[in-house]
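So the structure is just underneath, and the comments pick up after that.
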Amino acid sequence: MFKVHAIPPDRLPDLLRVMPKAELHIHIEGSLEPELIFALAQRNGVNLPYADVQALRSAYAFSNLQSFLDLYYAGASVLLHEQDFYDMAWAYFLKAKADHVVRAELFFDPQTHTSRGVPMASVIEGLSRACRDAQTQLNISADLILCFLRHLSEEDALATLEAALPWRAHFIGVGLDSSEVGHPPEKFNRVFAQARELDLHVVAHAGEEGPPAYIWSALNNLRVERIDHGVQAIHDAALMAHLAKTQIPLTVCPLSNLKLCVFKDLTEHNLGQMLDAGLCITLNSDDPAYFGGYLNDNYVQTFAALHLNAQQAYKLAANSIEASFADEAKKHQWMHELKLTFQGFAEQD
Ligand code: ADE
Ligand code: ZN
């Protein structure tokens, strides 16, 4: 077994970059870079209310989740055809490959597209084809998680799940995203019960801006297998104890939290505290094109800000692999590769 203490601290950033890791919280529409937004707008004849890439990028100054979502939904309006969805996902996979991501579970928001008249087939088939190519061409294992927009009604979510059922084999789970406060998890009890009946995995955003009660509700009512974000759990000692005991994973996204003003500064982020409290924490990028960094940027910047060490790097990468919905044989193989990577960085005595 490698000795983490034998890893020189100055090698930690390189180790963070090359260690195999899984990304479990990435909204694929949030990987749409301004350059691709403009290219797709031109290809599809869509008018954008920004003069150029620079003007759009300079609008990326957010005060909270809603101020971001308004721009994020506007950006997604350039996606019309199957090839657009493929191109968006493929651009993400190239970044993921550079970051040594071995497993990616991609959130997508069908209602953002079907409400504009885009067929469900275009959305799912484009994303699904990119996932298959990620496996064959990049050796990245990838799957899709269909998210319901929580600012819309449960009836709309139920209709969306039904409309997606012809493509049941193309997604592995359902999630819950969009504007959190005022839209508690229990609003979606029935659609999550249906998803569980269909043997879909279930996850939900909870405790990003919303209170610990929303995390309890996601656990007890929706019976989620992972909590997306969950950083507000820190305000509820009983919840922290419960999360530590059950080891329900949290998919934490530090640069997102910083850009959406959940924390004033990265040095104030509670990821280190939650790791110390024994929670199963994973690190993720959320909407990397909007928040100034892909997965390795999140690792490197968070480790620098919070003075985290090699032991914690191993734990976060191992958690990401173990908390993924990949099959056990693949997880076993990635864990082996993770150990070999750490051994390679340990100085020999
Ligand atoms: N949709 C895309 N990014 C999101 C986030 N961080 N929270 C909720 N919904 C989202
Ligand atoms: Zn998210």
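Order determines the names: the first chain of the structure tokens is A, the second B, and so forth; residues in each chain are numbered 1 upward, and ligands are numbered 1 upward as they are shown.
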
Within-9 Å residues of ligand 1, basis only C-alpha atoms and all ligand atoms, as a ChimeraX atom specification: /A:26-30,65-66,68-69,72-73,107-109,147,149-150,176-180,205-206,208-209,228-229,253,256-257,260,286-287

Taking the DSSP secondary structure from the backbone, can you list the residues of range 32-279 of chain A that are strand (DSSP E or B), as an MDAnalysis selection string? chainID A and resid 101:108 141:149 173:177 201:206 226:229 250:252

Store the residues of this selection in a file with C-alpha atoms, as a PDB file, in the first residue's frame.
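Once everything was written out, this is out_25.pdb:
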```pdb
ATOM      1  CA  VAL A 101     -12.201  11.606 -15.751  1.00  0.00           C
ATOM      2  CA  VAL A 102     -12.882   7.871 -16.150  1.00  0.00           C
ATOM      3  CA  ARG A 103     -16.599   8.039 -15.393  1.00  0.00           C
ATOM      4  CA  ALA A 104     -19.118  10.833 -16.065  1.00  0.00           C
ATOM      5  CA  GLU A 105     -22.801  10.939 -15.126  1.00  0.00           C
ATOM      6  CA  LEU A 106     -24.376  13.749 -17.129  1.00  0.00           C
ATOM      7  CA  PHE A 107     -27.475  15.651 -16.018  1.00  0.00           C
ATOM      8  CA  PHE A 108     -29.698  16.918 -18.788  1.00  0.00           C
ATOM      9  CA  SER A 141     -17.652   5.460 -19.142  1.00  0.00           C
ATOM     10  CA  ALA A 142     -20.648   7.796 -19.410  1.00  0.00           C
ATOM     11  CA  ASP A 143     -24.358   7.712 -18.638  1.00  0.00           C
ATOM     12  CA  LEU A 144     -27.260  10.155 -18.582  1.00  0.00           C
ATOM     13  CA  ILE A 145     -29.480  11.314 -15.694  1.00  0.00           C
ATOM     14  CA  LEU A 146     -32.730  13.041 -16.687  1.00  0.00           C
ATOM     15  CA  CYS A 147     -33.493  16.035 -14.457  1.00  0.00           C
ATOM     16  CA  PHE A 148     -36.892  17.551 -13.746  1.00  0.00           C
ATOM     17  CA  LEU A 149     -37.104  21.338 -13.466  1.00  0.00           C
ATOM     18  CA  GLY A 173     -31.631   7.818 -13.392  1.00  0.00           C
ATOM     19  CA  VAL A 174     -33.596  10.951 -12.622  1.00  0.00           C
ATOM     20  CA  GLY A 175     -32.638  14.113 -10.758  1.00  0.00           C
ATOM     21  CA  LEU A 176     -34.172  17.394  -9.634  1.00  0.00           C
ATOM     22  CA  ASP A 177     -32.675  20.792 -10.437  1.00  0.00           C
ATOM     23  CA  HIS A 201     -31.495   5.713  -9.898  1.00  0.00           C
ATOM     24  CA  VAL A 202     -32.737   8.769  -7.996  1.00  0.00           C
ATOM     25  CA  VAL A 203     -30.788  11.876  -6.966  1.00  0.00           C
ATOM     26  CA  ALA A 204     -31.830  15.467  -6.203  1.00  0.00           C
ATOM     27  CA  HIS A 205     -30.340  18.902  -5.686  1.00  0.00           C
ATOM     28  CA  ALA A 206     -30.955  19.830  -2.064  1.00  0.00           C
ATOM     29  CA  ARG A 226     -27.123  10.878  -3.502  1.00  0.00           C
ATOM     30  CA  ILE A 227     -27.630  14.525  -2.580  1.00  0.00           C
ATOM     31  CA  ASP A 228     -26.469  17.116  -5.107  1.00  0.00           C
ATOM     32  CA  HIS A 229     -24.708  19.987  -3.288  1.00  0.00           C
ATOM     33  CA  LEU A 250     -22.911  14.500  -1.473  1.00  0.00           C
ATOM     34  CA  THR A 251     -21.873  15.859  -4.882  1.00  0.00           C
ATOM     35  CA  VAL A 252     -20.254  19.142  -3.868  1.00  0.00           C
TER      36      VAL A 252
END
```

Separation of CA of Ile281 in chain A and CA of Leu94 in chain A, in Å?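 Atom-to-atom, CA of Ile281 in chain A and CA of Leu94 in chain A are spaced 25.1 Å apart.
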
May I have the residues within 12 Å of Ile140 in chain A as a list of chain:residue names, using only C-alpha atoms and disregarding those fewer than 6 positions away in the same chain?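 Here the answer would be A:Pro20, A:Lys21, A:Ala22, A:Glu23, A:Trp90, A:Tyr92, A:Phe93, A:Leu94, A:Lys95, A:Ala96, A:Lys97, A:Ala98, A:Asp99, A:His100, A:Val101, A:Val102, A:Arg103, A:Ala104, A:Glu105, A:Ala130, A:Cys131, A:Arg132, A:Asp133, A:Ala134, A:Ala326, A:Lys330, A:Trp334.
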
Which of these, A:Leu239, A:Pro184, A:Ala244, A:Phe263, has the shortest distance to Leu222 in chain A once you count only C-alpha atoms?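 Closest residue, counting only C-alpha atoms: A:Pro184.
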
Which of these residues is nearest to Ala91 in chain A, using only C-alpha atoms: A:Pro288, A:Leu198, A:Asp14, A:Ala241?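 When distances to Ala91 in chain A are compared using only C-alpha atoms, the smallest one comes from A:Pro288.
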
Which of range 193-344 of chain A fall in alpha helix (DSSP H), as an MDAnalysis selection string: chainID A and resid 193:197 212:220 237:246 254:259 271:276 288:291 295:306 310:322 328:344

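For the choices A:Gly45, A:Pro249, A:Pro119, A:Gly207, the atom-to-atom distance to ligand 2 is smallest for A:Gly207 when using only C-alpha atoms and all ligand atoms.
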
Ligand 2 proximity check over A:Ala346, A:Leu295, A:Leu127, A:Leu24, using only C-alpha atoms and all ligand atoms: winner is A:Leu24

One-decimal distance in Å that lies between CA of Asp70 in chain A and CA of Ile37 in chain A: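 Interatomic distance here is 15.1 Å.
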